[in-house]
>>> print(open('target31.pdb').read())   # PDB, C-alpha atoms
ATOM      1  CA  MET O 240      -4.291 -28.097 -20.963  1.00  0.00           C
ATOM      2  CA  GLU O 241      -2.306 -24.911 -20.211  1.00  0.00           C
ATOM      3  CA  ARG O 242      -1.456 -24.508 -23.889  1.00  0.00           C
ATOM      4  CA  ASN O 243      -5.152 -24.655 -24.859  1.00  0.00           C
ATOM      5  CA  ARG O 244      -6.064 -21.960 -22.319  1.00  0.00           C
ATOM      6  CA  ARG O 245      -3.258 -19.728 -23.533  1.00  0.00           C
ATOM      7  CA  GLY O 246      -4.443 -20.118 -27.126  1.00  0.00           C
ATOM      8  CA  ARG O 247      -7.948 -18.946 -26.190  1.00  0.00           C
ATOM      9  CA  GLU O 248      -6.574 -15.962 -24.246  1.00  0.00           C
ATOM     10  CA  ASP O 249      -4.401 -14.946 -27.200  1.00  0.00           C
ATOM     11  CA  GLY O 250      -7.437 -15.158 -29.482  1.00  0.00           C
ATOM     12  CA  VAL O 251      -9.511 -12.947 -27.185  1.00  0.00           C
ATOM     13  CA  LEU O 252      -6.721 -10.369 -26.949  1.00  0.00           C
ATOM     14  CA  THR O 253      -6.319 -10.329 -30.721  1.00  0.00           C
ATOM     15  CA  ALA O 254     -10.070  -9.928 -31.233  1.00  0.00           C
ATOM     16  CA  ALA O 255     -10.216  -7.063 -28.711  1.00  0.00           C
ATOM     17  CA  ALA O 256      -7.276  -5.328 -30.380  1.00  0.00           C
ATOM     18  CA  GLU O 257      -8.961  -5.562 -33.779  1.00  0.00           C
ATOM     19  CA  LEU O 258     -12.362  -4.473 -32.437  1.00  0.00           C
ATOM     20  CA  PHE O 259     -11.004  -1.312 -30.811  1.00  0.00           C
ATOM     21  CA  ASP O 260      -8.340  -0.740 -33.474  1.00  0.00           C
ATOM     22  CA  LEU O 261      -5.524  -1.035 -30.925  1.00  0.00           C
ATOM     23  CA  PRO O 262      -2.033  -2.447 -31.460  1.00  0.00           C
ATOM     24  CA  ALA O 263      -1.965  -6.086 -30.269  1.00  0.00           C
ATOM     25  CA  ASP O 264       1.195  -5.490 -28.189  1.00  0.00           C
ATOM     26  CA  VAL O 265      -0.577  -2.820 -26.126  1.00  0.00           C
ATOM     27  CA  VAL O 266      -3.507  -5.096 -25.341  1.00  0.00           C
ATOM     28  CA  ALA O 267      -1.231  -8.034 -24.488  1.00  0.00           C
ATOM     29  CA  GLY O 268       0.874  -5.957 -22.074  1.00  0.00           C
ATOM     30  CA  LEU O 269       4.124  -6.566 -23.943  1.00  0.00           C
ATOM     31  CA  PRO O 270       7.032  -4.230 -23.170  1.00  0.00           C
ATOM     32  CA  ARG O 271       7.356  -1.135 -25.346  1.00  0.00           C
ATOM     33  CA  LEU O 272      10.676   0.645 -25.799  1.00  0.00           C
ATOM     34  CA  GLU O 273      11.339   4.121 -27.096  1.00  0.00           C
ATOM     35  CA  MET O 274      14.816   5.610 -27.457  1.00  0.00           C
ATOM     36  CA  VAL O 275      15.732   9.238 -27.945  1.00  0.00           C
ATOM     37  CA  GLY O 276      19.145   9.113 -29.568  1.00  0.00           C
ATOM     38  CA  SER O 277      21.618   7.429 -27.246  1.00  0.00           C
ATOM     39  CA  ARG O 278      20.707   9.596 -24.247  1.00  0.00           C
ATOM     40  CA  GLN O 279      17.265   8.386 -23.086  1.00  0.00           C
ATOM     41  CA  LEU O 280      15.275   5.164 -23.033  1.00  0.00           C
ATOM     42  CA  TYR O 281      11.594   4.908 -22.147  1.00  0.00           C
ATOM     43  CA  LEU O 282      10.185   1.484 -21.178  1.00  0.00           C
ATOM     44  CA  GLU O 283       6.510   0.672 -20.643  1.00  0.00           C
ATOM     45  CA  HIS O 284       5.201  -2.482 -18.935  1.00  0.00           C
ATOM     46  CA  HIS O 285       8.201  -3.353 -16.764  1.00  0.00           C
ATOM     47  CA  THR O 286       7.749  -5.409 -13.605  1.00  0.00           C
ATOM     48  CA  GLY O 287      10.686  -4.098 -11.572  1.00  0.00           C
ATOM     49  CA  LEU O 288      14.428  -3.556 -11.520  1.00  0.00           C
ATOM     50  CA  LEU O 289      16.881  -6.406 -11.018  1.00  0.00           C
ATOM     51  CA  ALA O 290      20.124  -4.398 -11.115  1.00  0.00           C
ATOM     52  CA  TYR O 291      20.956  -0.700 -11.017  1.00  0.00           C
ATOM     53  CA  THR O 292      24.409   0.828 -11.361  1.00  0.00           C
ATOM     54  CA  GLU O 293      25.812   3.742 -13.364  1.00  0.00           C
ATOM     55  CA  GLU O 294      27.015   1.227 -15.981  1.00  0.00           C
ATOM     56  CA  ARG O 295      24.075  -1.210 -16.142  1.00  0.00           C
ATOM     57  CA  ILE O 296      20.342  -1.324 -15.479  1.00  0.00           C
ATOM     58  CA  ASP O 297      18.420  -4.607 -15.730  1.00  0.00           C
ATOM     59  CA  ALA O 298      14.640  -4.287 -15.923  1.00  0.00           C
ATOM     60  CA  ASN O 299      12.326  -7.253 -15.588  1.00  0.00           C
ATOM     61  CA  THR O 300       9.483  -7.520 -18.137  1.00  0.00           C
ATOM     62  CA  SER O 301       6.931 -10.101 -19.197  1.00  0.00           C
ATOM     63  CA  ALA O 302       9.159 -10.846 -22.225  1.00  0.00           C
ATOM     64  CA  GLY O 303      12.374 -11.316 -20.209  1.00  0.00           C
ATOM     65  CA  VAL O 304      15.126  -9.139 -18.807  1.00  0.00           C
ATOM     66  CA  LEU O 305      16.047  -5.954 -20.648  1.00  0.00           C
ATOM     67  CA  ARG O 306      19.664  -4.923 -20.030  1.00  0.00           C
ATOM     68  CA  VAL O 307      20.718  -1.325 -20.664  1.00  0.00           C
ATOM     69  CA  SER O 308      24.480  -0.714 -20.591  1.00  0.00           C
ATOM     70  CA  GLY O 309      26.379   2.543 -20.796  1.00  0.00           C
ATOM     71  CA  GLU O 310      27.944   5.329 -18.748  1.00  0.00           C
ATOM     72  CA  GLY O 311      26.368   7.611 -16.170  1.00  0.00           C
ATOM     73  CA  LEU O 312      23.030   5.812 -16.305  1.00  0.00           C
ATOM     74  CA  THR O 313      20.338   7.249 -14.047  1.00  0.00           C
ATOM     75  CA  LEU O 314      16.672   6.649 -13.386  1.00  0.00           C
ATOM     76  CA  MET O 315      15.028   9.855 -14.527  1.00  0.00           C
ATOM     77  CA  ALA O 316      11.537   8.617 -13.655  1.00  0.00           C
ATOM     78  CA  MET O 317       9.968   5.380 -12.481  1.00  0.00           C
ATOM     79  CA  THR O 318       6.387   4.319 -11.825  1.00  0.00           C
ATOM     80  CA  ALA O 319       4.816   0.898 -11.329  1.00  0.00           C
ATOM     81  CA  GLY O 320       4.718   0.287 -15.078  1.00  0.00           C
ATOM     82  CA  GLU O 321       6.961   2.889 -16.724  1.00  0.00           C
ATOM     83  CA  LEU O 322      10.661   3.628 -16.585  1.00  0.00           C
ATOM     84  CA  ARG O 323      12.830   6.417 -18.062  1.00  0.00           C
ATOM     85  CA  ILE O 324      16.587   5.962 -18.142  1.00  0.00           C
ATOM     86  CA  GLY O 325      19.053   8.735 -18.921  1.00  0.00           C
ATOM     87  CA  GLY O 326      22.781   8.757 -19.571  1.00  0.00           C
ATOM     88  CA  LYS O 327      25.074   7.641 -22.354  1.00  0.00           C
ATOM     89  CA  ILE O 328      23.419   4.412 -23.558  1.00  0.00           C
ATOM     90  CA  ALA O 329      25.856   2.083 -25.321  1.00  0.00           C
ATOM     91  CA  SER O 330      23.670  -1.015 -25.747  1.00  0.00           C
ATOM     92  CA  VAL O 331      20.210  -2.412 -25.112  1.00  0.00           C
ATOM     93  CA  GLU O 332      19.704  -6.161 -25.154  1.00  0.00           C
ATOM     94  CA  TRP O 333      17.375  -8.955 -24.083  1.00  0.00           C
ATOM     95  CA  VAL O 334      19.329 -11.298 -21.810  1.00  0.00           C
ATOM     96  CA  GLY O 335      16.668 -13.941 -21.310  1.00  0.00           C
ATOM     97  CA  PRO O 336      13.524 -14.778 -19.442  1.00  0.00           C
ATOM     98  CA  CYS O 337      13.209 -13.896 -15.784  1.00  0.00           C
TER      99      CYS O 337
END
>>> encode(input="target31.pdb", output="structure tokens")
Amino acid sequence: MERNRRGREDGVLTAAAELFDLPADVVAGLPRLEMVGSRQLYLEHHTGLLAYTEERIDANTSAGVLRVSGEGLTLMAMTAGELRIGGKIASVEWVGPC
């Protein structure tokens, strides 16, 4: 039953994205990442932080946990749905569902 409901919701989101000429990931609320070199990372659609140190930041998203590793990591800006991380970013990886 749950699978059938999810299929209908996905169809509605896809139809809305096509109707308004929007990317499907934006309509579905999937996380969006943007990196500027190895010094900044911008994340949209996060649902909170799970860990925060100068070497590692774990952000929760609807697609799982995004782990950012590096040196001197800082939160440059954070709102309810957006996050900007600065520092020397060594790796970015998905470590699994939350």
>>> atom_distance(input="target31.pdb", atom1="atom CA of Gly335 of chain O", atom2="atom CA of Ala254 of chain O")
28.8 Å
>>> residues_near_point(input="target31.pdb", point="(16.2, -4.7, -12.5)", cutoff="7 Å", atoms="only C-alpha atoms", output="number ranges by chain")
O: 287-291, 296-299
>>> residues_around(input="target31.pdb", residues="Val334 of chain O", least_positions_apart="4", cutoff="9 Å", atoms="only C-alpha atoms", output="compact mmCIF listing (two decimals) with C-alpha atoms, in the coordinates of the input")
# COMPACT_ATOMS: atom_id res chain seq x y z
CA GLY O 303 12.37 -11.32 -20.21
CA VAL O 304 15.13 -9.14 -18.81
CA LEU O 305 16.05 -5.95 -20.65
CA ARG O 306 19.66 -4.92 -20.03
>>> atom_distance(input="target31.pdb", atom1="atom CA of Thr286 of chain O", atom2="atom CA of Val251 of chain O")
23.2 Å
>>> closest_residue(input="target31.pdb", among="O:Leu272, O:Leu258, O:Leu282, O:Val307", to="Gly320 of chain O", atoms="all atoms listed in the file")
O:Leu282
>>> atom_distance(input="target31.pdb", atom1="atom CA of Leu312 of chain O", atom2="atom CA of Glu293 of chain O")
4.5 Å
>>> residues_near_point(input="target31.pdb", point="(21.1, 5.7, -26.4)", cutoff="10 Å", atoms="only C-alpha atoms", output="list in words")
Glu273, Met274, Val275, Gly276, Ser277, Arg278, Gln279, Leu280, Val307, Ser308, Gly309, Ile324, Gly325, Gly326, Lys327, Ile328, Ala329, Ser330 and Val331 of chain O
>>> closest_residue(input="target31.pdb", among="O:Ala302, O:Glu283, O:Thr313, O:Pro336", to="Arg271 of chain O", atoms="all atoms listed in the file")
O:Glu283
>>> residues_around(input="target31.pdb", residues="Arg323 of chain O", least_positions_apart="4", cutoff="6 Å", atoms="only C-alpha atoms", output="NGL selection string")
:O and (280-281 or 315-316)
>>> axis_aligned_box(input="target31.pdb", around="segment 312-330 of chain O", padding_each_side="6 Å", output="lines of an AutoDock Vina configuration file")
center_x = 15.3
center_y = 4.4
center_z = -18.5
size_x = 33.1
size_y = 22.9
size_z = 26.4
